[in-house]
Number of protein chains: 2
Amino acid sequence: MSNAYEELKPCLEQAQAFQTAKILFEWDNETLAPKEAKANTAKVVGTLSGAYFCAVTDPKVKKLVEQCQKDRDSLTEAERAIVRELAEEIEKLECIPPQQYREFAELTARSTGIWARAKKENDFESFAPVLKQIVDYTKKFASYRVKKGQRLYDVMLDDYEKGFDVKTLDQFFGMLKDQLVPFLKKLTDSGEDIDSSFLTGDYREEDQEKIGRFFAEYVGFDFDRGVMAVSAHPFTTNLHNKDVRITTCYNDHVDDSLFSVIHESGHAIYELGIPDNLTQTLAGQGTSMGMHESQSRFFENIIGRNQAFWVPVYETLQKQFPCQLGSVSMERFVRAINKVEPSLIRTQADELTYSLHVLIRYEIEKMLIEEDLDVEKLPKIWADKYEEYLGVRPQNASEGVLQDIHWSQGSFGYFPSYALGSAFGAQFYHYMKKDMDFEGLLRKGDIKTIREFLRVNIHQYGKLKTSRQILKDVTGEDFNPQYYIDYLLEKYGKLYHVEMGK
Amino acid sequence: MSNAYEELKPCLEQAQAFQTAKILFEWDNETLAPKEAKANTAKVVGTLSGAYFCAVTDPKVKKLVEQCQKDRDSLTEAERAIVRELAEEIEKLECIPPQQYREFAELTARSTGIWARAKKENDFESFAPVLKQIVDYTKKFASYRVKKGQRLYDVMLDDYEKGFDVKTLDQFFGMLKDQLVPFLKKLTDSGEDIDSSFLTGDYREEDQEKIGRFFAEYVGFDFDRGVMAVSAHPFTTNLHNKDVRITTCYNDHVDDSLFSVIHESGHAIYELGIPDNLTQTLAGQGTSMGMHESQSRFFENIIGRNQAFWVPVYETLQKQFPCQLGSVSMERFVRAINKVEPSLIRTQADELTYSLHVLIRYEIEKMLIEEDLDVEKLPKIWADKYEEYLGVRPQNASEGVLQDIHWSQGSFGYFPSYALGSAFGAQFYHYMKKDMDFEGLLRKGDIKTIREFLRVNIHQYGKLKTSRQILKDVTGEDFNPQYYIDYLLEKYGKLYHVEMGK
């Protein structure tokens with residue numbers, strides 16, 4: 001036992017409490033808070049951020065961390081990870097002047113509201129100046145930390161995915177672009193038309209909610225330790241491993257809310273799988289955004305859009321929507337939920353085109369961060385890229401550059417995680433199929449065995465391992481995006497009767 | 001301008017942010033949080049309480065407060081009130097060892113959950129040991145602050161109602177007991193039977209919610225600055241003057257939720273009336289619990305159970321519930337909502353017997369605090385007193401001593417406020433009727449003029465005035481409970497054709 005660690009504990013608890021309070025305010029802000037509350041509440045959130053900042057950058061804490069690093073042999077594995085995370089957090093924060101940190105927290109507390117209104121009213125102009133401020137802060141903060149030989153965008157990428165930089169991602173997205181863009185062209189040219197018209201219609205919100213809750217529970221979301229609510233943009237958040245929250249939103253496409261619920265349940269199951277000795281500590285979350293997305297997209301696509309998944313439960317869905325789906329066979333339904341259709345909105349994108357949406361954001365973020373791209377030009381650049389890679393062009397900012405919440409929250413470097421996560425997931429899937437009769441389990445309604453594999457091999461480690469370490473330990477090799485591409489080419493080649501890539 | 005005050009500001013903001021976060025956690029805990037979240041979340045709330053405690057009792061803050069008190073001539077009225085409140089808070093907290101303060105906060109964060117379960121399962125035994133701990137802490141904390149000549153319970157009463165002590169309250173409750181208990185006997189012996197059967201029945205929850213929202217808005221609750229949700233026990237909370245929240249709960253008595261919504265709207269309207277320069281400061285809430293209850297009970301009873309109130313809106317209610325109320329005349333409805341019926345549950349009590357419910361709690365609190373009453377004996381003493389004053393006896397703890405949340409939150413000395421508030425309200429009403437055609441306004445649907453009177457004379461002051469000062473400024477005299485008794489005797493004497501008091 002380390003005395004320094006014992007002394008550090010109350011400081012850690014305090015910092016953690018301030019973060020947890022901020023998370024609750026963010027959740028509340030997105031799901032419930034009244035319209036006019038924003039400005040006053042932003043002050044509170046700003047103050048809490050400031051308190052967190054002071055708690056972490058307190059010189060006394062830094063000294064204790066240094067002592068703990070010397071005492072590392074007497075620390076448990078969890079304690080070592082907590083100290084490491086804290087050391088990184090200190091390094092990340094101490095270079096930022098407290099006043100700037102606080103201003104930025106207040107800015108982002110306000111900006112999500114401004115973004116939401118701008119999106120609703122299709123008014124990019126009202127969001128542009130705020131976005132510019134956010135970009136400037138983000139770049140400034142990264143510039144304080146950039147190391148020799150590192151690029152500015154590397155700093156941001158590393159925050160979400162340790163060990164992944166522009167070089168790795170250029171290569172990854174390059175592979176996607178080279179193999180998926182022409183493959184997509186082949187598919188759309190194949191003339192094969194999948195009917196998915198029955199997924200759109202008069203799906204009542206309360207019925208969608210009911211079936212959403214059923215599927216959340218079916219895949220393993222625990223409502224005794226979780227909450228499901230409605231927000232403009234689906235997300236997952238967690239206060240600790242006994243309180244994990246997901247949101248969804250409803251429209252007349254039943255598959256939108258259905259798969260967003262399964263997606264967010266994947267995130268939630270990760271956080272619900274964090275063990276008690278890690279939760280409420282700096283090491284008690286999913287290890288990275290990419291690993292998080294690997295879980296959510298694994299549940300959404302590899303499990304949820306798998307024909308085998310629907311064998312035991314398609315009837316339940318039909319019973320909830322007898323008029324809309326009563327006469328639709330499971331095979332037609334599964335084809336429909338896997339229909340490839342280049343479209344404008346990322347969160348509604350099919351599995352194949354999804355990573356091309358991410359590719360576009362990656363390229364634009366690089367321009368914003370490294371090439372000083374004027375934010376005013378974003379709508380046009382966005383539209384041009386959609387046209388080039390996906391063959392569709394947004395007619396306004398709401399269905400274009402304003403669609404995602406991330407930038408309004410100051411999250412740059414986050415988007416690549418979505419594609420990385422999909423690739424991690426496919427790499428896991430490749431390995432798991434050797435180890436278990438994956439589709440057989442799904443057909444039996446046994447999600448639990450699959451979930452347990454993920455819990456034991458991924459979730460329970462929290463931040464004890466990096467995503468790269470987990471990949472290595474589970475699959476025996478480093479990150480290899482070819483599994484992902486092969487998975488897509490095989491699945492969609494079959495579905496569209498198109499020859500596999502080349 | 002005082003330099004000390006400028007220096008104090010960030011400390012005040014920090015303390016305020018911690019309190020606001022605690023309030024949000026409490027709200028969330030009562031309205032949404034999943035079942036198993038309690039223990040982990042209690043740790044966070046405990047840490048936030050500890051941080052608040054440290055922020056307020058910081059020696060640097062105390063020095064600044066002392067300097068501000070010297071600089072008082074250069075402070076605005078609001079600043080002076082804030083400094084005064086802070087000085088009182090410091091005095092209240094600094095005598096409590098930080099460790100005990102934190103333990104107590106964690107205890108009460110857990111105990112409301114234990115109480116809720118005990119109430120649900122009618123299991124007083126599971127709550128008794130926790131209650132005992134809470135009583136012990138509360139007494140210990142009061143003992144640190146008790147002044148010479150003061151009684152222990154005085155300390156607690158003063159926290160909720162400055163300037164009111166056991167002596168004043170013994171006199172107040174003595175008057176109620178002497179005049180209302182025999183009057184109630186007369187009423188119940190009168191043989192006059194009011195039919196209220198139509199208030200109970202198949203009132204669908206979603207319809208009750210709809211009409212609840214209508215009436216909240218009708219009396220002046222602003223949904224752009226407020227939220228309405230469901231909890232086991234209705235309450236109001238506020239983060240600031242742009243985010244005020246009420247809850248209600250639904251059962252098959254339509255009047256329960258209806259009047260709880262109007263009651264909580266009264267609380268909410270008080271907080272919505274706090275001006276921008278006071279909100280988010282220590283002086284930016286209703287001045288006392290009694291004054292708060294005066295507003296909520298004013299809206300509920302003096303406005304809401306007034307025949308004139310229903311003239312413009314009874315039809316709206318009928319339209320929402322055509323089967324249940326379509327054939328019930330407004331006169332019958334108004335008689336029904338004013339029916340006097342000695343009953344077991346305080347929150348469902350009629351206006352007349354209500355203060356007798358409070359009298360019982362006052363007497364029991366005095367015994368718990370000053371006579372070391374064994375908590376195990378509570379269910380029997382509770383039942384005996386109900387039998388004596390109200391002529392009804394609870395058959396179990398859920399409909400007896402477990403019905404209220406207050407003690408599980410450590411709120412002792414709070415209950416008297418309900419009766420005091422009713423009395424304050426009647427005193428205001430007596431005066432207002434001289435000043436305006438009160439019932440005429442209600443008949444015209446003009447709640448705004450009444451609400452504006454309350455805002456200008458009461459709400460806008462926050463804690464700048466005590467409840468006694470407000471009473472004096474508005475009515476020209478000190479607290480005088482006889483107005484309340486006269487109001488009840490007159491109203492219910494008429495309704496039941498019974499000779500007025502004596």
# chains A, B, ... in the order shown; residues from 1 in each chain; ligands from 1
$ closest_atom_pairs --of "chain B" --to "chain A" --cutoff "9 Å" --atoms "only C-alpha atoms" --output "CSV"
residue,atom,partner,partner_atom,distance
B:Pro10,CA,A:Thr47,CA,8.7
B:Glu13,CA,A:Thr47,CA,7.1
B:Gln14,CA,A:Thr47,CA,6.0
B:Gln16,CA,A:Val44,CA,7.9
B:Ala17,CA,A:Val44,CA,5.0
B:Phe18,CA,A:Leu48,CA,7.5
B:Thr20,CA,A:Val44,CA,7.4
B:Ala21,CA,A:Ala21,CA,5.9
B:Lys22,CA,A:Ala21,CA,8.2
B:Leu24,CA,A:Phe25,CA,7.7
B:Phe25,CA,A:Leu24,CA,7.7
B:Asp28,CA,A:Leu24,CA,8.7
B:Leu32,CA,A:Val227,CA,7.4
B:Ala33,CA,A:Val227,CA,7.0
B:Pro34,CA,A:Arg225,CA,5.2
B:Lys35,CA,A:Asp224,CA,5.2
B:Glu36,CA,A:Arg225,CA,5.5
B:Ala37,CA,A:Lys242,CA,4.8
B:Lys38,CA,A:Lys242,CA,8.3
B:Ala39,CA,A:Lys242,CA,8.8
B:Asn40,CA,A:His240,CA,7.1
B:Thr41,CA,A:Leu239,CA,7.7
B:Lys43,CA,A:Ala17,CA,8.2
B:Val44,CA,A:Ala17,CA,5.0
B:Val45,CA,A:Ala17,CA,7.6
B:Gly46,CA,A:Ala17,CA,8.9
B:Thr47,CA,A:Gln14,CA,6.0
B:Leu48,CA,A:Ala17,CA,6.5
B:Gly50,CA,A:Gln14,CA,8.8
B:Ala51,CA,A:Gln14,CA,7.5
B:Phe223,CA,A:Pro34,CA,6.8
B:Asp224,CA,A:Lys35,CA,5.2
B:Arg225,CA,A:Pro34,CA,5.3
B:Gly226,CA,A:Pro34,CA,5.5
B:Val227,CA,A:Pro34,CA,6.3
B:Leu239,CA,A:Thr41,CA,7.7
B:His240,CA,A:Asn40,CA,7.2
B:Asn241,CA,A:Ala37,CA,8.3
B:Lys242,CA,A:Ala37,CA,4.8
B:Asp243,CA,A:Ala37,CA,5.2
B:Val244,CA,A:Pro34,CA,8.6
B:Gln280,CA,A:Asn40,CA,8.0
$ residues_around --residues "B:Leu464" --least-positions-apart "6" --cutoff "12 Å" --atoms "only C-alpha atoms" --output "VMD selection string"
chain B and resid 76 to 85 274 to 275 277 to 278 281 to 288 457 to 458 470
$ residues_around --residues "A:Asp252" --least-positions-apart "3" --cutoff "6 Å" --atoms "only C-alpha atoms" --output "PyMOL selection string"
chain A and resi 200-201+203
$ residues_around --residues "B:Lys162" --least-positions-apart "2" --cutoff "9 Å" --atoms "only C-alpha atoms" --output "ChimeraX atom specification"
/B:157-160,164-165,288,466-468
$ closest_residue --among "A:Leu471, A:Val340, A:Leu93, A:Leu454" --to "A:Lys186" --atoms "only C-alpha atoms"
A:Val340
$ select_by_dssp --residues "stretch 132-232 of chain A" --states "strand (DSSP E or B)" --output "compact mmCIF listing (two decimals) with C-alpha atoms, in the first residue's frame"
# COMPACT_ATOMS: atom_id res chain seq x y z
CA THR A 200 -41.24 3.84 -43.35
CA GLY A 226 -30.00 2.15 -16.79
CA VAL A 227 -32.37 4.70 -18.23
CA MET A 228 -33.65 5.27 -21.74
CA ALA A 229 -34.88 8.70 -22.83
CA VAL A 230 -35.37 10.89 -25.88
$ select_by_dssp --residues "stretch 212-285 of chain A" --states "alpha helix (DSSP H)" --output "mmCIF file with N, CA and C atoms, in the first residue's frame"
data_model
loop_
_atom_site.group_PDB
_atom_site.id
_atom_site.type_symbol
_atom_site.label_atom_id
_atom_site.label_comp_id
_atom_site.auth_asym_id
_atom_site.auth_seq_id
_atom_site.Cartn_x
_atom_site.Cartn_y
_atom_site.Cartn_z
ATOM 1 N N GLY A 212 -38.391 -0.641 -28.700
ATOM 2 C CA GLY A 212 -37.019 -0.233 -28.401
ATOM 3 C C GLY A 212 -36.583 -0.765 -27.045
ATOM 4 N N ARG A 213 -37.470 -0.638 -26.062
ATOM 5 C CA ARG A 213 -37.139 -1.150 -24.729
ATOM 6 C C ARG A 213 -36.975 -2.672 -24.754
ATOM 7 N N PHE A 214 -37.836 -3.311 -25.536
ATOM 8 C CA PHE A 214 -37.718 -4.768 -25.644
ATOM 9 C C PHE A 214 -36.353 -5.159 -26.195
ATOM 10 N N PHE A 215 -35.937 -4.504 -27.288
ATOM 11 C CA PHE A 215 -34.669 -4.902 -27.906
ATOM 12 C C PHE A 215 -33.465 -4.474 -27.072
ATOM 13 N N ALA A 216 -33.567 -3.338 -26.407
ATOM 14 C CA ALA A 216 -32.478 -2.941 -25.502
ATOM 15 C C ALA A 216 -32.270 -4.056 -24.481
ATOM 16 N N GLU A 217 -33.343 -4.493 -23.876
ATOM 17 C CA GLU A 217 -33.259 -5.542 -22.860
ATOM 18 C C GLU A 217 -32.803 -6.866 -23.483
ATOM 19 N N TYR A 218 -33.307 -7.147 -24.686
ATOM 20 C CA TYR A 218 -32.973 -8.412 -25.349
ATOM 21 C C TYR A 218 -31.470 -8.528 -25.602
ATOM 22 N N VAL A 219 -30.849 -7.411 -25.998
ATOM 23 C CA VAL A 219 -29.407 -7.510 -26.259
ATOM 24 C C VAL A 219 -28.582 -7.393 -24.979
ATOM 25 N N VAL A 254 -38.907 3.198 -38.894
ATOM 26 C CA VAL A 254 -38.827 2.404 -37.668
ATOM 27 C C VAL A 254 -37.417 1.905 -37.411
ATOM 28 N N ASP A 255 -36.645 1.668 -38.491
ATOM 29 C CA ASP A 255 -35.294 1.136 -38.285
ATOM 30 C C ASP A 255 -34.346 2.157 -37.671
ATOM 31 N N ASP A 256 -34.628 3.452 -37.853
ATOM 32 C CA ASP A 256 -33.751 4.462 -37.245
ATOM 33 C C ASP A 256 -33.688 4.292 -35.732
ATOM 34 N N SER A 257 -34.849 4.322 -35.083
ATOM 35 C CA SER A 257 -34.818 4.234 -33.616
ATOM 36 C C SER A 257 -34.418 2.832 -33.176
ATOM 37 N N LEU A 258 -34.884 1.829 -33.912
ATOM 38 C CA LEU A 258 -34.572 0.450 -33.540
ATOM 39 C C LEU A 258 -33.061 0.221 -33.486
ATOM 40 N N PHE A 259 -32.372 0.609 -34.549
ATOM 41 C CA PHE A 259 -30.928 0.344 -34.574
ATOM 42 C C PHE A 259 -30.151 1.357 -33.749
ATOM 43 N N SER A 260 -30.713 2.547 -33.541
ATOM 44 C CA SER A 260 -30.000 3.464 -32.640
ATOM 45 C C SER A 260 -30.083 2.926 -31.211
ATOM 46 N N VAL A 261 -31.199 2.316 -30.854
ATOM 47 C CA VAL A 261 -31.311 1.731 -29.509
ATOM 48 C C VAL A 261 -30.320 0.572 -29.346
ATOM 49 N N ILE A 262 -30.196 -0.275 -30.364
ATOM 50 C CA ILE A 262 -29.264 -1.398 -30.253
ATOM 51 C C ILE A 262 -27.823 -0.881 -30.228
ATOM 52 N N HIS A 263 -27.561 0.138 -31.043
ATOM 53 C CA HIS A 263 -26.234 0.759 -31.065
ATOM 54 C C HIS A 263 -25.879 1.311 -29.676
ATOM 55 N N GLU A 264 -26.769 2.135 -29.139
ATOM 56 C CA GLU A 264 -26.473 2.756 -27.837
ATOM 57 C C GLU A 264 -26.426 1.689 -26.742
ATOM 58 N N SER A 265 -27.222 0.647 -26.894
ATOM 59 C CA SER A 265 -27.149 -0.446 -25.917
ATOM 60 C C SER A 265 -25.761 -1.075 -25.925
ATOM 61 N N GLY A 266 -25.152 -1.142 -27.106
ATOM 62 C CA GLY A 266 -23.785 -1.658 -27.189
ATOM 63 C C GLY A 266 -22.819 -0.809 -26.374
ATOM 64 N N HIS A 267 -22.931 0.520 -26.543
ATOM 65 C CA HIS A 267 -22.119 1.413 -25.699
ATOM 66 C C HIS A 267 -22.393 1.145 -24.221
ATOM 67 N N ALA A 268 -23.683 1.067 -23.910
ATOM 68 C CA ALA A 268 -24.099 0.947 -22.507
ATOM 69 C C ALA A 268 -23.590 -0.355 -21.891
ATOM 70 N N ILE A 269 -23.663 -1.432 -22.673
ATOM 71 C CA ILE A 269 -23.233 -2.739 -22.162
ATOM 72 C C ILE A 269 -21.737 -2.714 -21.832
ATOM 73 N N TYR A 270 -20.987 -1.967 -22.626
ATOM 74 C CA TYR A 270 -19.563 -1.774 -22.321
ATOM 75 C C TYR A 270 -19.436 -1.159 -20.918
ATOM 76 N N GLU A 271 -20.139 -0.071 -20.681
ATOM 77 C CA GLU A 271 -20.016 0.636 -19.398
ATOM 78 C C GLU A 271 -20.614 -0.169 -18.236
ATOM 79 N N LEU A 272 -21.654 -0.936 -18.532
ATOM 80 C CA LEU A 272 -22.246 -1.784 -17.484
ATOM 81 C C LEU A 272 -21.304 -2.930 -17.125
#
$ residues_around --residues "stretch 126-138 of chain A" --least-positions-apart "5" --cutoff "10 Å" --atoms "only C-alpha atoms" --output "number ranges by chain"
A: 100-101, 103-104, 107-108, 110-119, 121, 143, 152-153, 156, 365, 368-369, 372, 374-378, 402, 407-412
$ write_last_selection --atoms "N, CA and C atoms" --output "compact mmCIF listing (two decimals), in the first residue's frame"
# COMPACT_ATOMS: atom_id res chain seq x y z
N GLN A 100 -9.00 30.10 -19.60
CA GLN A 100 -9.36 29.59 -20.93
C GLN A 100 -10.14 28.28 -20.84
N TYR A 101 -9.72 27.45 -19.91
CA TYR A 101 -10.40 26.17 -19.75
C TYR A 101 -11.86 26.39 -19.39
N GLU A 103 -13.65 29.21 -19.83
CA GLU A 103 -14.36 29.86 -20.94
C GLU A 103 -14.82 28.81 -21.96
N PHE A 104 -13.94 27.87 -22.22
CA PHE A 104 -14.25 26.85 -23.21
C PHE A 104 -15.41 25.96 -22.72
N LEU A 107 -18.49 27.91 -23.11
CA LEU A 107 -18.81 28.01 -24.53
C LEU A 107 -19.50 26.73 -25.02
N THR A 108 -18.92 25.58 -24.70
CA THR A 108 -19.51 24.34 -25.21
C THR A 108 -20.83 24.02 -24.51
N ARG A 110 -23.02 26.22 -23.89
CA ARG A 110 -24.00 27.02 -24.63
C ARG A 110 -24.15 26.52 -26.06
N SER A 111 -23.04 26.09 -26.63
CA SER A 111 -23.01 25.90 -28.07
C SER A 111 -23.88 24.75 -28.56
N THR A 112 -24.07 23.72 -27.73
CA THR A 112 -24.94 22.63 -28.20
C THR A 112 -26.36 23.14 -28.40
N GLY A 113 -26.78 24.08 -27.56
CA GLY A 113 -28.12 24.68 -27.73
C GLY A 113 -28.19 25.48 -29.03
N ILE A 114 -27.13 26.24 -29.29
CA ILE A 114 -27.09 27.06 -30.51
C ILE A 114 -27.08 26.15 -31.74
N TRP A 115 -26.29 25.08 -31.66
CA TRP A 115 -26.26 24.11 -32.76
C TRP A 115 -27.64 23.50 -33.00
N ALA A 116 -28.30 23.09 -31.90
CA ALA A 116 -29.59 22.42 -32.04
C ALA A 116 -30.60 23.35 -32.73
N ARG A 117 -30.57 24.63 -32.35
CA ARG A 117 -31.49 25.58 -32.97
C ARG A 117 -31.12 25.79 -34.43
N ALA A 118 -29.82 25.95 -34.68
CA ALA A 118 -29.36 26.17 -36.05
C ALA A 118 -29.77 25.00 -36.94
N LYS A 119 -29.61 23.78 -36.42
CA LYS A 119 -29.97 22.59 -37.19
C LYS A 119 -31.47 22.59 -37.48
N GLU A 121 -33.48 25.09 -37.58
CA GLU A 121 -33.90 26.19 -38.44
C GLU A 121 -33.05 26.29 -39.70
N SER A 143 -2.24 22.98 -29.38
CA SER A 143 -0.91 23.56 -29.63
C SER A 143 -0.08 23.61 -28.35
N LEU A 152 -0.74 18.77 -35.29
CA LEU A 152 -1.75 19.28 -34.38
C LEU A 152 -2.93 18.31 -34.26
N TYR A 153 -3.32 17.78 -35.40
CA TYR A 153 -4.48 16.88 -35.41
C TYR A 153 -4.15 15.56 -34.71
N MET A 156 -5.19 15.57 -31.10
CA MET A 156 -6.63 15.33 -30.89
C MET A 156 -6.98 13.86 -31.10
N GLU A 365 -12.11 17.60 -40.96
CA GLU A 365 -11.45 17.96 -39.70
C GLU A 365 -9.96 18.27 -39.94
N LEU A 368 -9.81 21.67 -41.26
CA LEU A 368 -10.13 22.69 -40.25
C LEU A 368 -8.95 22.89 -39.31
N ILE A 369 -8.34 21.78 -38.93
CA ILE A 369 -7.30 21.86 -37.89
C ILE A 369 -5.95 22.22 -38.50
N ASP A 372 -6.40 25.59 -41.66
CA ASP A 372 -7.10 26.84 -41.38
C ASP A 372 -8.30 27.07 -42.29
N ASP A 374 -11.64 28.05 -43.61
CA ASP A 374 -12.63 29.01 -43.13
C ASP A 374 -13.96 28.28 -42.88
N VAL A 375 -14.51 28.38 -41.67
CA VAL A 375 -15.74 27.63 -41.37
C VAL A 375 -16.89 28.01 -42.31
N GLU A 376 -16.86 29.24 -42.81
CA GLU A 376 -17.93 29.67 -43.71
C GLU A 376 -18.02 28.77 -44.95
N LYS A 377 -16.87 28.18 -45.30
CA LYS A 377 -16.84 27.36 -46.53
C LYS A 377 -17.31 25.93 -46.30
N LEU A 378 -17.56 25.60 -45.04
CA LEU A 378 -17.89 24.22 -44.72
C LEU A 378 -19.07 23.65 -45.50
N LEU A 402 -24.59 20.48 -40.58
CA LEU A 402 -25.16 20.69 -39.24
C LEU A 402 -25.71 19.42 -38.61
N TRP A 407 -19.06 18.56 -33.15
CA TRP A 407 -18.23 19.77 -33.21
C TRP A 407 -18.75 20.81 -32.23
N SER A 408 -20.07 20.85 -32.05
CA SER A 408 -20.62 21.84 -31.10
C SER A 408 -20.19 21.53 -29.68
N GLN A 409 -19.76 20.29 -29.44
CA GLN A 409 -19.27 19.93 -28.11
C GLN A 409 -17.75 20.04 -28.01
N GLY A 410 -17.15 20.46 -29.09
CA GLY A 410 -15.69 20.58 -29.10
C GLY A 410 -14.99 19.26 -29.35
N SER A 411 -15.72 18.29 -29.88
CA SER A 411 -15.09 16.98 -30.11
C SER A 411 -14.52 16.89 -31.53
N PHE A 412 -13.26 17.20 -31.64
CA PHE A 412 -12.55 17.01 -32.91
C PHE A 412 -11.58 15.85 -32.74
$ atom_distance --atom1 "atom CA of B:Ser422" --atom2 "atom CA of B:Ala109"
29.5 Å
$ residues_around --residues "B:Tyr144" --least-positions-apart "4" --cutoff "8 Å" --atoms "only C-alpha atoms" --output "list in words"
Cys95, Ile96 and Lys140 of chain B
$ residues_around --residues "A:Val498" --least-positions-apart "4" --cutoff "10 Å" --atoms "only C-alpha atoms" --output "NGL selection string"
:A and (183 or 186-187 or 189-190 or 192 or 489-490 or 492-494)
$ closest_residue --among "A:Gln395, A:Leu64, A:Lys434, A:Glu370" --to "A:Trp382" --atoms "only C-alpha atoms"
A:Gln395
$ atom_distance --atom1 "atom CA of A:Leu344" --atom2 "atom CA of A:Leu488"
20.0 Å
$ closest_atom_pairs --of "stretch 269-314 of chain A" --to "stretch 322-330 of chain A" --cutoff "10 Å" --atoms "only C-alpha atoms" --output "Markdown table"
| residue | atom | partner | partner_atom | distance |
| --- | --- | --- | --- | --- |
| A:Gln307 | CA | A:Met330 | CA | 8.1 |
| A:Trp310 | CA | A:Met330 | CA | 7.3 |
| A:Val311 | CA | A:Met330 | CA | 7.8 |
| A:Val313 | CA | A:Met330 | CA | 9.8 |
| A:Tyr314 | CA | A:Met330 | CA | 6.6 |
